[in-house]
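Raw start09.tsv, TSV, C-alpha atoms:
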```
chain	number	residue	atom	x	y	z
A	1	MET	CA	29.68	-15.90	-15.95
A	2	THR	CA	33.03	-15.79	-14.18
A	3	GLU	CA	33.35	-17.49	-10.80
A	4	THR	CA	36.11	-16.48	-8.43
A	5	ALA	CA	36.78	-18.38	-5.22
A	6	ARG	CA	37.65	-16.12	-2.30
A	7	THR	CA	39.69	-17.53	0.56
A	8	ARG	CA	39.12	-16.06	3.97
A	9	ASP	CA	42.61	-15.04	5.05
A	10	ALA	CA	44.28	-11.91	6.37
A	11	HIS	CA	45.22	-10.76	2.88
A	12	ASP	CA	41.64	-10.30	1.63
A	13	ASP	CA	41.83	-6.48	1.25
A	14	GLY	CA	41.64	-6.09	5.02
A	15	ARG	CA	38.04	-7.24	5.11
A	16	THR	CA	38.56	-10.70	6.55
A	17	ALA	CA	40.06	-9.45	9.78
A	18	ARG	CA	36.78	-7.67	10.49
A	19	ALA	CA	34.45	-10.35	9.15
A	20	ALA	CA	36.26	-13.15	10.99
A	21	VAL	CA	35.42	-11.62	14.37
A	22	PRO	CA	32.14	-13.21	15.52
A	23	LEU	CA	29.36	-10.67	15.37
A	24	PRO	CA	27.15	-10.49	18.42
A	25	PRO	CA	23.90	-12.43	18.08
A	26	VAL	CA	20.83	-10.36	17.50
A	27	ARG	CA	19.53	-9.38	20.91
A	28	THR	CA	15.81	-9.79	21.28
A	29	THR	CA	14.22	-7.12	23.46
A	30	LEU	CA	12.11	-8.92	26.05
A	31	PRO	CA	10.95	-8.05	29.54
A	32	ALA	CA	12.90	-9.27	32.56
A	33	VAL	CA	9.89	-11.36	33.57
A	34	LEU	CA	8.13	-13.44	30.93
A	35	PRO	CA	4.90	-14.92	32.33
A	36	ALA	CA	3.34	-17.93	30.59
A	37	ALA	CA	6.13	-18.09	28.01
A	38	SER	CA	5.40	-19.96	24.80
A	39	TYR	CA	7.98	-22.20	23.14
A	40	GLY	CA	9.10	-19.38	20.87
A	41	ALA	CA	9.20	-16.81	23.65
A	42	LEU	CA	11.39	-19.14	25.70
A	43	VAL	CA	13.85	-19.46	22.80
A	44	SER	CA	13.94	-15.69	22.37
A	45	PHE	CA	14.54	-15.24	26.08
A	46	ILE	CA	17.38	-17.76	26.10
A	47	ARG	CA	18.73	-16.34	22.83
A	48	SER	CA	18.99	-12.86	24.32
A	49	ARG	CA	21.23	-14.02	27.16
A	50	PRO	CA	24.60	-15.78	27.35
A	51	GLY	CA	23.15	-18.74	29.23
A	52	MET	CA	20.41	-19.46	31.77
A	53	THR	CA	19.67	-22.21	34.27
A	54	ARG	CA	16.29	-23.84	34.70
A	55	GLN	CA	15.92	-22.11	38.05
A	56	GLN	CA	16.54	-18.73	36.46
A	57	LEU	CA	13.96	-19.50	33.78
A	58	LEU	CA	11.44	-20.51	36.42
A	59	ALA	CA	11.96	-17.21	38.20
A	60	ALA	CA	11.84	-15.18	34.98
A	61	THR	CA	8.74	-16.82	33.51
A	62	GLY	CA	6.63	-17.55	36.57
A	63	MET	CA	5.72	-20.89	35.00
A	64	SER	CA	5.22	-24.08	36.94
A	65	ARG	CA	8.16	-26.44	37.01
A	66	THR	CA	6.21	-29.11	35.14
A	67	THR	CA	5.13	-26.79	32.32
A	68	LEU	CA	8.57	-25.25	31.90
A	69	PHE	CA	10.36	-28.59	31.85
A	70	GLU	CA	7.87	-30.02	29.31
A	71	ARG	CA	8.43	-27.05	27.01
A	72	LEU	CA	12.18	-27.24	27.38
A	73	GLU	CA	12.09	-30.93	26.49
A	74	ALA	CA	10.26	-30.08	23.25
A	75	LEU	CA	12.85	-27.39	22.49
A	76	PHE	CA	15.66	-29.91	23.06
A	77	GLN	CA	14.01	-32.40	20.70
A	78	HIS	CA	13.53	-29.80	17.96
A	79	GLY	CA	17.08	-28.49	18.25
A	80	TYR	CA	16.31	-24.98	19.46
A	81	VAL	CA	18.03	-25.20	22.85
A	82	TYR	CA	20.81	-27.33	24.34
A	83	GLN	CA	22.63	-27.83	27.62
A	84	ASP	CA	26.17	-26.51	27.69
A	85	GLY	CA	28.30	-26.56	30.79
A	86	SER	CA	27.53	-25.69	34.38
A	87	ALA	CA	26.50	-22.39	35.87
A	88	PRO	CA	29.00	-20.57	38.11
A	89	PRO	CA	28.45	-20.89	41.87
A	90	GLY	CA	25.56	-18.85	43.19
A	91	THR	CA	23.66	-18.72	39.88
A	92	GLY	CA	21.05	-21.39	40.30
A	93	GLY	CA	22.75	-24.45	41.76
A	94	HIS	CA	20.89	-26.79	44.08
A	95	GLY	CA	23.37	-27.25	46.84
A	96	PRO	CA	27.06	-27.43	47.77
A	97	GLY	CA	29.21	-29.03	45.08
A	98	ARG	CA	26.36	-29.20	42.60
A	99	ARG	CA	25.72	-26.77	39.78
A	100	SER	CA	22.87	-26.37	37.34
A	101	GLU	CA	23.32	-26.87	33.62
A	102	LEU	CA	23.33	-23.76	31.46
A	103	LEU	CA	20.75	-23.64	28.66
A	104	ARG	CA	21.79	-21.95	25.42
A	105	TRP	CA	20.37	-21.15	22.02
A	106	ASP	CA	21.43	-24.05	19.78
A	107	THR	CA	23.26	-22.68	16.75
A	108	ARG	CA	25.72	-25.54	16.42
A	109	GLY	CA	26.16	-26.41	12.77
A	110	ARG	CA	23.34	-24.10	11.67
A	111	VAL	CA	24.18	-22.21	8.49
A	112	VAL	CA	22.54	-19.73	6.14
A	113	LEU	CA	22.95	-19.42	2.38
A	114	VAL	CA	23.22	-15.77	1.38
A	115	LEU	CA	22.84	-14.70	-2.26
A	116	ASP	CA	23.95	-11.05	-2.40
A	117	LEU	CA	23.19	-10.10	-5.99
A	118	GLY	CA	24.54	-6.88	-7.48
A	119	GLN	CA	24.15	-5.36	-10.91
A	120	THR	CA	27.38	-6.86	-12.25
A	121	HIS	CA	28.54	-9.24	-9.50
A	122	ALA	CA	27.05	-11.76	-7.11
A	123	ARG	CA	28.51	-12.65	-3.72
A	124	LEU	CA	27.42	-16.13	-2.64
A	125	CYS	CA	28.12	-17.09	0.96
A	126	VAL	CA	27.50	-19.76	3.53
A	127	THR	CA	27.41	-18.04	6.91
A	128	GLY	CA	26.89	-18.90	10.53
A	129	VAL	CA	23.80	-17.51	12.22
A	130	ASP	CA	25.96	-14.66	13.57
A	131	GLY	CA	26.88	-13.50	10.06
A	132	ARG	CA	30.40	-14.91	9.97
A	133	ILE	CA	31.28	-15.93	6.42
A	134	LEU	CA	32.35	-19.58	6.34
A	135	ARG	CA	32.67	-20.05	2.59
A	136	MET	CA	32.24	-17.61	-0.28
A	137	ARG	CA	32.32	-17.23	-4.05
A	138	ASP	CA	32.36	-14.00	-6.02
A	139	VAL	CA	30.73	-14.34	-9.44
A	140	ALA	CA	31.00	-11.79	-12.24
A	141	VAL	CA	27.54	-11.81	-13.82
A	142	ASP	CA	25.15	-9.20	-15.20
A	143	ILE	CA	21.78	-9.31	-13.48
A	144	ASP	CA	20.00	-7.75	-16.47
A	145	THR	CA	19.11	-11.14	-17.93
A	146	GLU	CA	16.37	-13.75	-17.71
A	147	ALA	CA	15.74	-14.82	-14.12
A	148	PRO	CA	15.47	-18.64	-14.65
A	149	ALA	CA	18.84	-18.96	-16.40
A	150	TYR	CA	20.53	-16.58	-13.96
A	151	LEU	CA	19.21	-18.39	-10.89
A	152	ALA	CA	20.06	-21.82	-12.31
A	153	GLU	CA	23.73	-20.81	-12.52
A	154	ILE	CA	23.68	-19.16	-9.09
A	155	PHE	CA	21.97	-22.16	-7.50
A	156	GLU	CA	24.52	-24.59	-8.93
A	157	ILE	CA	27.48	-22.61	-7.56
A	158	SER	CA	25.66	-22.21	-4.25
A	159	ARG	CA	24.96	-25.94	-4.06
A	160	ARG	CA	28.68	-26.65	-4.23
A	161	LEU	CA	29.27	-24.14	-1.44
A	162	VAL	CA	26.62	-25.72	0.78
A	163	ASP	CA	27.79	-29.27	0.05
A	164	ALA	CA	31.36	-28.37	1.01
A	165	GLY	CA	30.38	-28.15	4.68
A	166	GLN	CA	30.41	-30.98	7.18
A	167	ASP	CA	27.89	-31.58	9.96
A	168	GLU	CA	25.92	-28.51	8.94
A	169	SER	CA	22.20	-27.84	8.68
A	170	LEU	CA	20.90	-25.21	6.25
A	171	ILE	CA	18.18	-23.23	8.04
A	172	GLY	CA	17.33	-20.73	5.30
A	173	VAL	CA	18.26	-18.75	2.20
A	174	ALA	CA	18.44	-14.96	2.05
A	175	LEU	CA	18.50	-13.08	-1.25
A	176	GLY	CA	19.55	-9.46	-1.76
A	177	ILE	CA	18.76	-7.67	-5.02
A	178	PRO	CA	19.55	-4.22	-6.46
A	179	GLY	CA	15.91	-3.26	-6.84
A	180	PRO	CA	12.67	-2.54	-4.95
A	181	VAL	CA	10.99	-5.29	-2.93
A	182	ASP	CA	7.41	-5.17	-1.66
A	183	PRO	CA	7.74	-5.42	2.15
A	184	ALA	CA	4.44	-7.27	2.56
A	185	THR	CA	4.76	-9.90	-0.17
A	186	GLY	CA	8.47	-10.11	-1.00
A	187	VAL	CA	7.57	-9.55	-4.67
A	188	LEU	CA	10.02	-7.60	-6.80
A	189	GLY	CA	8.82	-4.19	-7.91
A	190	THR	CA	9.43	-2.54	-11.25
A	191	SER	CA	13.19	-2.20	-11.65
A	192	THR	CA	15.36	-0.57	-14.29
A	193	THR	CA	18.34	-2.74	-13.33
A	194	MET	CA	16.56	-6.08	-13.69
A	195	PRO	CA	13.41	-5.49	-15.76
A	196	ARG	CA	13.17	-9.09	-16.96
A	197	TRP	CA	12.72	-10.29	-13.38
A	198	GLU	CA	9.44	-8.43	-12.86
A	199	ALA	CA	6.62	-10.76	-11.78
A	200	TYR	CA	8.99	-13.74	-11.64
A	201	PRO	CA	8.30	-15.82	-8.46
A	202	VAL	CA	11.82	-15.58	-7.05
A	203	LEU	CA	10.96	-16.60	-3.49
A	204	GLU	CA	8.95	-19.55	-4.72
A	205	ALA	CA	11.88	-20.65	-6.87
A	206	ILE	CA	14.26	-20.48	-3.90
A	207	ARG	CA	11.92	-22.39	-1.58
A	208	ASP	CA	11.22	-25.06	-4.19
A	209	HIS	CA	14.92	-25.56	-4.85
A	210	TRP	CA	16.26	-25.52	-1.28
A	211	GLN	CA	13.19	-26.64	0.73
A	212	VAL	CA	13.92	-24.16	3.53
A	213	PRO	CA	12.53	-20.74	4.53
A	214	ALA	CA	13.65	-17.80	2.37
A	215	VAL	CA	13.61	-14.01	2.46
A	216	ILE	CA	14.32	-11.32	-0.10
A	217	GLU	CA	15.52	-7.78	0.56
A	218	ASN	CA	16.83	-4.77	-1.32
A	219	ASP	CA	20.64	-4.83	-1.26
A	220	ALA	CA	21.09	-1.33	0.18
A	221	ARG	CA	18.62	-2.01	3.00
A	222	ALA	CA	20.38	-5.30	3.72
A	223	PHE	CA	23.65	-3.38	3.88
A	224	ALA	CA	22.07	-0.93	6.33
A	225	LEU	CA	20.88	-3.81	8.54
A	226	GLY	CA	24.34	-5.34	8.57
A	227	GLU	CA	26.03	-2.08	9.52
A	228	SER	CA	23.41	-1.41	12.19
A	229	SER	CA	24.18	-4.75	13.81
A	230	VAL	CA	27.73	-3.63	14.63
A	231	ILE	CA	27.07	0.09	15.17
A	232	GLY	CA	24.33	-0.53	17.72
A	233	ALA	CA	20.58	-1.12	17.69
A	234	ASP	CA	19.97	2.06	19.68
A	235	ARG	CA	21.27	4.28	16.86
A	236	THR	CA	19.70	5.62	13.66
A	237	VAL	CA	21.83	4.53	10.72
A	238	LEU	CA	21.74	5.88	7.16
A	239	ALA	CA	23.74	3.50	4.97
A	240	VAL	CA	24.51	4.30	1.33
A	241	LYS	CA	25.69	1.75	-1.19
A	242	TYR	CA	27.64	3.59	-3.86
A	243	ALA	CA	28.82	1.24	-6.59
A	244	THR	CA	27.44	0.50	-10.07
A	245	GLY	CA	24.20	2.07	-8.82
A	246	ILE	CA	23.26	4.21	-5.83
A	247	GLY	CA	20.92	3.10	-3.07
A	248	ALA	CA	20.33	3.79	0.61
A	249	GLY	CA	18.82	2.17	3.67
A	250	ILE	CA	17.68	3.66	6.98
A	251	VAL	CA	17.62	1.62	10.17
A	252	ASP	CA	16.10	3.14	13.31
A	253	ALA	CA	16.22	1.30	16.63
A	254	GLY	CA	16.99	-1.94	14.81
A	255	HIS	CA	14.13	-1.65	12.32
A	256	VAL	CA	14.72	-1.00	8.62
A	257	LEU	CA	12.51	1.53	6.84
A	258	GLU	CA	10.88	-0.22	3.89
A	259	GLY	CA	8.29	2.27	2.73
A	260	ALA	CA	4.75	1.77	1.48
A	261	ASP	CA	5.88	0.19	-1.80
A	262	GLY	CA	9.26	-1.19	-0.79
A	263	ALA	CA	11.07	1.68	-2.51
A	264	ALA	CA	12.46	3.44	0.57
A	265	GLY	CA	16.06	4.46	-0.06
A	266	ASP	CA	15.86	4.50	-3.87
A	267	ILE	CA	17.75	7.80	-4.05
A	268	GLY	CA	19.42	7.02	-7.36
A	269	HIS	CA	16.32	8.06	-9.25
A	270	VAL	CA	15.87	11.45	-7.63
A	271	ARG	CA	16.04	14.03	-10.42
A	272	ILE	CA	18.65	16.67	-9.67
A	273	THR	CA	18.53	18.54	-13.00
A	274	ASP	CA	15.86	19.21	-15.61
A	275	ASP	CA	18.11	18.01	-18.39
A	276	GLY	CA	21.30	15.97	-18.40
A	277	PRO	CA	22.14	12.35	-19.21
A	278	VAL	CA	19.40	9.83	-19.91
A	279	CYS	CA	18.89	7.52	-16.93
A	280	THR	CA	18.09	3.82	-17.09
A	281	CYS	CA	14.58	4.74	-15.91
A	282	GLY	CA	14.07	6.71	-19.14
A	283	ARG	CA	14.14	10.18	-17.60
A	284	ARG	CA	16.89	12.76	-17.73
A	285	GLY	CA	18.84	14.23	-14.87
A	286	CYS	CA	18.54	11.50	-12.22
A	287	LEU	CA	21.28	11.25	-9.62
A	288	ALA	CA	22.28	7.83	-10.97
A	289	ALA	CA	22.58	9.19	-14.51
A	290	TRP	CA	25.05	11.80	-13.25
A	291	ALA	CA	26.93	10.10	-10.44
A	292	SER	CA	26.59	6.30	-10.37
A	293	GLY	CA	29.46	3.97	-11.08
A	294	HIS	CA	27.76	3.06	-14.35
A	295	ALA	CA	27.69	6.74	-15.31
A	296	LEU	CA	31.34	7.22	-14.36
A	297	ILE	CA	32.45	4.20	-16.39
A	298	ARG	CA	30.59	5.59	-19.40
A	299	ARG	CA	32.07	9.06	-18.90
A	300	LEU	CA	35.63	7.77	-18.46
A	301	ALA	CA	35.55	5.12	-21.19
A	302	ASP	CA	37.94	7.12	-23.39
A	303	THR	CA	40.56	6.94	-20.63
A	304	GLY	CA	40.50	3.15	-20.55
A	305	VAL	CA	38.18	2.76	-17.56
A	306	ARG	CA	36.10	-0.40	-17.94
A	307	HIS	CA	35.22	-1.44	-14.40
A	308	LEU	CA	34.66	0.03	-10.93
A	309	ARG	CA	38.00	-1.48	-9.92
A	310	ASP	CA	39.69	0.74	-12.53
A	311	ILE	CA	38.15	3.83	-10.93
A	312	VAL	CA	39.16	2.77	-7.43
A	313	ASP	CA	42.73	2.06	-8.52
A	314	ARG	CA	43.12	5.29	-10.45
A	315	VAL	CA	41.78	7.41	-7.62
A	316	ALA	CA	44.27	5.70	-5.29
A	317	ALA	CA	47.02	6.52	-7.80
A	318	GLY	CA	45.92	10.17	-8.01
A	319	ASP	CA	44.88	10.15	-11.69
A	320	PRO	CA	43.66	13.76	-12.12
A	321	THR	CA	41.03	13.01	-14.77
A	322	VAL	CA	39.43	10.21	-12.78
A	323	CYS	CA	39.71	12.13	-9.50
A	324	ASP	CA	37.97	15.14	-11.02
A	325	ALA	CA	35.13	12.97	-12.35
A	326	VAL	CA	34.71	11.24	-9.00
A	327	ASP	CA	34.79	14.57	-7.16
A	328	GLU	CA	32.02	15.95	-9.37
A	329	ALA	CA	29.91	12.81	-8.90
A	330	THR	CA	30.50	12.91	-5.15
A	331	ALA	CA	29.38	16.54	-4.98
A	332	ARG	CA	26.08	15.65	-6.67
A	333	LEU	CA	25.56	12.68	-4.37
A	334	SER	CA	26.35	14.86	-1.33
A	335	ARG	CA	23.56	17.30	-2.18
A	336	VAL	CA	20.98	14.50	-2.19
A	337	LEU	CA	22.40	12.97	0.99
A	338	ALA	CA	22.26	16.34	2.73
A	339	THR	CA	18.50	16.32	2.25
A	340	VAL	CA	18.19	12.76	3.55
A	341	VAL	CA	20.33	13.62	6.59
A	342	ALA	CA	18.17	16.67	7.31
A	343	VAL	CA	15.01	14.54	7.13
A	344	ALA	CA	16.22	11.42	8.97
A	345	ASN	CA	18.68	13.05	11.41
A	346	PRO	CA	20.79	9.87	11.70
A	347	ASP	CA	23.48	9.15	14.25
A	348	ASP	CA	25.63	7.52	11.58
A	349	LEU	CA	26.06	7.92	7.83
A	350	VAL	CA	27.88	4.85	6.54
A	351	LEU	CA	29.25	4.69	3.01
A	352	GLY	CA	29.66	1.33	1.32
A	353	GLY	CA	30.09	-0.10	-2.13
A	354	ALA	CA	33.27	0.00	-4.19
A	355	LEU	CA	33.05	3.77	-4.67
A	356	GLY	CA	31.55	4.65	-1.31
A	357	ARG	CA	34.47	3.14	0.59
A	358	ILE	CA	37.08	5.28	-1.22
A	359	PRO	CA	38.63	7.55	1.46
A	360	ARG	CA	38.49	10.56	-0.88
A	361	VAL	CA	34.74	10.03	-1.36
A	362	VAL	CA	34.09	9.61	2.36
A	363	SER	CA	35.96	12.77	3.35
A	364	ARG	CA	34.31	14.91	0.67
A	365	ILE	CA	30.81	13.73	1.52
A	366	ASP	CA	31.52	14.37	5.20
A	367	ALA	CA	32.71	17.92	4.48
A	368	ALA	CA	29.84	18.71	2.10
A	369	ILE	CA	27.13	17.53	4.48
A	370	ARG	CA	28.57	19.52	7.38
A	371	GLU	CA	28.47	22.57	5.15
A	372	ASP	CA	24.98	22.02	3.71
A	373	VAL	CA	23.03	20.72	6.74
A	374	THR	CA	22.17	22.82	9.77
A	375	GLU	CA	24.20	22.17	12.90
A	376	ARG	CA	21.10	20.90	14.74
A	377	ALA	CA	20.63	18.05	12.22
A	378	ARG	CA	24.28	16.98	12.21
A	379	HIS	CA	25.38	17.70	15.77
A	380	HIS	CA	25.84	14.01	16.64
A	381	LEU	CA	26.41	12.79	13.08
A	382	SER	CA	29.28	10.40	12.39
A	383	VAL	CA	30.29	9.88	8.75
A	384	GLY	CA	32.54	7.00	7.74
A	385	ALA	CA	33.23	4.04	5.50
A	386	ALA	CA	31.47	0.73	6.06
A	387	HIS	CA	32.60	-1.08	9.20
A	388	LEU	CA	32.14	-4.47	7.53
A	389	GLY	CA	33.80	-3.65	4.24
A	390	ALA	CA	32.07	-5.52	1.43
A	391	ASP	CA	30.33	-7.90	3.84
A	392	GLY	CA	27.64	-5.61	5.27
A	393	ALA	CA	24.80	-6.84	3.08
A	394	VAL	CA	25.74	-10.46	3.81
A	395	VAL	CA	25.48	-9.83	7.55
A	396	GLY	CA	22.18	-7.97	7.11
A	397	LEU	CA	20.69	-10.74	4.99
A	398	THR	CA	21.78	-13.35	7.52
A	399	ARG	CA	20.04	-11.33	10.19
A	400	LYS	CA	16.83	-11.22	8.13
A	401	ILE	CA	16.57	-14.98	7.71
A	402	VAL	CA	17.63	-15.77	11.30
A	403	ASP	CA	14.95	-13.42	12.62
A	404	LEU	CA	12.40	-15.17	10.39
A	405	VAL	CA	13.36	-18.72	11.32
A	406	TYR	CA	13.61	-17.98	15.04
A	407	ASP	CA	10.57	-15.73	15.27
A	408	PRO	CA	8.56	-16.90	18.31
A	409	ALA	CA	5.44	-17.52	16.24
A	410	ALA	CA	7.42	-19.62	13.73
A	411	ILE	CA	8.91	-21.72	16.54
A	412	ASP	CA	5.47	-22.25	18.11
A	413	ALA	CA	4.05	-23.31	14.75
A	414	ALA	CA	6.93	-25.73	14.10
A	415	ILE	CA	6.56	-27.46	17.48
A	416	LEU	CA	2.77	-27.56	17.52
A	417	ALA	CA	2.42	-28.73	13.91
```

File written out as structure tokens:
Amino acid sequence: MTETARTRDAHDDGRTARAAVPLPPVRTTLPAVLPAASYGALVSFIRSRPGMTRQQLLAATGMSRTTLFERLEALFQHGYVYQDGSAPPGTGGHGPGRRSELLRWDTRGRVVLVLDLGQTHARLCVTGVDGRILRMRDVAVDIDTEAPAYLAEIFEISRRLVDAGQDESLIGVALGIPGPVDPATGVLGTSTTMPRWEAYPVLEAIRDHWQVPAVIENDARAFALGESSVIGADRTVLAVKYATGIGAGIVDAGHVLEGADGAAGDIGHVRITDDGPVCTCGRRGCLAAWASGHALIRRLADTGVRHLRDIVDRVAAGDPTVCDAVDEATARLSRVLATVVAVANPDDLVLGGALGRIPRVVSRIDAAIREDVTERARHHLSVGAAHLGADGAVVGLTRKIVDLVYDPAAIDAAILA
């Protein structure tokens, strides 16, 4: 296992400049008036706004002053809300020269540990609740191994990352994996990329080790959630992670499509030919067997290609052999994506992963889809590379755990326990 520290400066392949900009907090859709608000509903209401006074909360909730103030006191004590500055004139003050305190969602010092696991690399991050990466390590490690040993190494590196912070409180751990996840239980499904993890209690292991809430999500769906957070919750986003493997996620109106068995977006194992290369799933002719990064590395091995980075560099240099192989793989991927676009009719098709972000790949997929899909299904379609670079899944995973920890029902349970 090779560990590489990544500093967050302006020379980090152009990604840091984007990731360093604070992402907007997840906006919770709530009515303008919130009668009989619970503790959790109050937090969500305050969280969805830049700051509110007590008077504004009284007007919005219709609660009695006594009840509201008692609930706010409990939220102060549990660290969900804090007072921060005074409201501008005319926004809830109680007289000339006197202004009301603004109440805000308390995210001070709250951090999330994100374990973004890929087939050959892991990205381990400590983030703020808004998805900003505070500290990060990239680790070269093959996930096709025994889960206990793999997680022990990952946990040790992550512990050093968490311990490096000062005056921070870890609120949760979010894990992304390159395989199917049951949406109801969080249990890993049968996976060709990590078969030795099947039935292993990953979430239980995380909770036992870190003693905080935890979530698990497919890496492509996490990437889709992250991209959706900056594109806009009102848009339908199809996000494709094209790297060692191929996966996709669909987010509609802020909600990710998981599917009945947690396999939504597993486009890599769509058969596109009756024969062809043997896939990791044991069948022949799957998209991944023809077009994945793993397939390209195997095909180009005689040219000295050993890693995805080699492919990216050689495409940038205009190597004709590598460019031809990537063009052929992109054409096969485009045919499958054309079908998904026709079915989902997204506003945005976002391409991520080491191969998906290559400008040549983006432009060819864009052209192919506009040729293969009817104008009605692509009239408003925007096709482009990932807005967050390599950090999309990290942002999406942060969003998953923050939504879990600050779910109104979870807050009510924590206060009433």

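With all atoms listed in the file as the atoms that count, the residue of A:Leu337, A:Ala74, A:Leu58, A:Leu170 with the shortest distance to Tyr39 of chain A is A:Ala74.
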
- Item | Spatial neighbours of Asp324 of chain A, max dist 12 Å, all atoms listed in the file, sep filter under 5 positions, as a PyMOL selection string | chain A and resi 296+299-300+311+314-315+318-319+329-331+360-361

- Spatial neighbours of Thr236 of chain A, 8 Å, all atoms listed in the file, chain gap at least 3 places, as a list of chain:residue names: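 Non-adjacent residues within range: A:Ala233, A:Ile250, A:Val251, A:Asp252, A:Ala253, A:Asn345, A:Pro346, A:Asp347, A:Asp348.
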
Prev. selection, C-alpha atoms, output as an mmCIF file, keeping the file's coordinate frame:
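That gives us selection_23.cif:
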```cif
data_model
loop_
_atom_site.group_PDB
_atom_site.id
_atom_site.type_symbol
_atom_site.label_atom_id
_atom_site.label_comp_id
_atom_site.auth_asym_id
_atom_site.auth_seq_id
_atom_site.Cartn_x
_atom_site.Cartn_y
_atom_site.Cartn_z
ATOM 1 C CA ALA A 233 20.580 -1.120 17.690
ATOM 2 C CA ILE A 250 17.680 3.660 6.980
ATOM 3 C CA VAL A 251 17.620 1.620 10.170
ATOM 4 C CA ASP A 252 16.100 3.140 13.310
ATOM 5 C CA ALA A 253 16.220 1.300 16.630
ATOM 6 C CA ASN A 345 18.680 13.050 11.410
ATOM 7 C CA PRO A 346 20.790 9.870 11.700
ATOM 8 C CA ASP A 347 23.480 9.150 14.250
ATOM 9 C CA ASP A 348 25.630 7.520 11.580
#
```

- Query: Quick one: of A:Ala239, A:Val173, A:Ala263, A:Val394, who's nearest to Val187 of chain A, counting only C-alpha atoms?
  - Reply: A:Ala263

- Note on the structure: Min atom-atom distance to Gly131 of chain A from the set A:Gly392, A:Pro178, A:Gly268, A:Gly356, counting all atoms listed in the file, belongs to A:Gly392

- Task: Tell me which of A:Ala224, A:Leu238, A:Cys281, A:Met63 sits closest to Thr192 of chain A, counting all atoms listed in the file.
- Result: A:Cys281

- Between A:Val312, A:Ile401, A:Ala393, A:Ala37, which one has atoms that come closest to Ile297 of chain A, using all atoms listed in the file?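 Among the listed residues, the smallest separation from Ile297 of chain A belongs to A:Val312.
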
- Query: Counting all atoms listed in the file, which of A:Gly259, A:Gly282, A:Gly276, A:Gly247 gets nearest to Val350 of chain A?
  - Reply: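 Ranked by minimum distance to Val350 of chain A, first place goes to A:Gly247.
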
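Atom to atom, atom CA of Phe69 of chain A and atom CA of Arg47 of chain A stand 17.4 Å apart.
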
- Nearby residues, (3.8, -20.7, 24.2) file frame, 12 Å, all atoms listed in the file, as a ChimeraX atom specification: /A:34-44,61,63,67-68,70-72,74-75,408-416

- Contacts of Asp182 of chain A at 8 Å (all atoms listed in the file; same-chain gap of 6+ positions) as number ranges by chain: A: 188-189, 261-263

Segment 33-150 of chain A residues near segment 206-212 of chain A within 12 Å, closest pair each, using only C-alpha atoms, as CSV:
```
residue,atom,partner,partner_atom,distance
A:Val111,CA,A:Val212,CA,11.6
A:Val112,CA,A:Val212,CA,10.0
A:Leu113,CA,A:Trp210,CA,9.8
A:Val114,CA,A:Ile206,CA,11.4
A:Leu115,CA,A:Ile206,CA,10.5
A:Ala147,CA,A:Ile206,CA,11.8
A:Pro148,CA,A:Ile206,CA,11.0
```

- Message: Report, in Å with one decimal, the straight-line distance from atom CA of Ile231 of chain A to atom CA of Ile46 of chain A.
- Response: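 If I compute the distance from atom CA of Ile231 of chain A to atom CA of Ile46 of chain A, I get 23.1 Å.
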
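Put simply, atom CA of Met194 of chain A is 26.1 Å away from atom CA of Leu404 of chain A.
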
Skipping near chain neighbours, those fewer than 2 positions away, what residues fall within 7 Å of Asp84 of chain A using all atoms listed in the file, listed as an mmCIF file with C-alpha atoms, in the frame of the given file?
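After the write, part.cif holds the following:
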```
data_model
loop_
_atom_site.group_PDB
_atom_site.id
_atom_site.type_symbol
_atom_site.label_atom_id
_atom_site.label_comp_id
_atom_site.auth_asym_id
_atom_site.auth_seq_id
_atom_site.Cartn_x
_atom_site.Cartn_y
_atom_site.Cartn_z
ATOM 1 C CA TYR A 82 20.810 -27.330 24.340
ATOM 2 C CA SER A 86 27.530 -25.690 34.380
ATOM 3 C CA GLU A 101 23.320 -26.870 33.620
ATOM 4 C CA LEU A 102 23.330 -23.760 31.460
ATOM 5 C CA LEU A 103 20.750 -23.640 28.660
ATOM 6 C CA ARG A 104 21.790 -21.950 25.420
#
```

Give the padded box for segment 238-253 of chain A as lines of an AutoDock Vina configuration file: axis-aligned, covering all atoms listed in the file, 8 Å on each side, centre and edge lengths in Å to one decimal.
```
center_x = 22.5
center_y = 3.2
center_z = 3.3
size_x = 28.7
size_y = 21.4
size_z = 42.7
```

- Message: Report as a PyMOL selection string all protein, DNA and RNA residues lying within 10 Å of Arg221 of chain A, evaluated on only C-alpha atoms, omitting residues in the same chain fewer than 4 positions from it.
- Response: chain A and resi 176-178+180+217+225-227+238-241+247-251+256-258+264-266+392-393+396-397
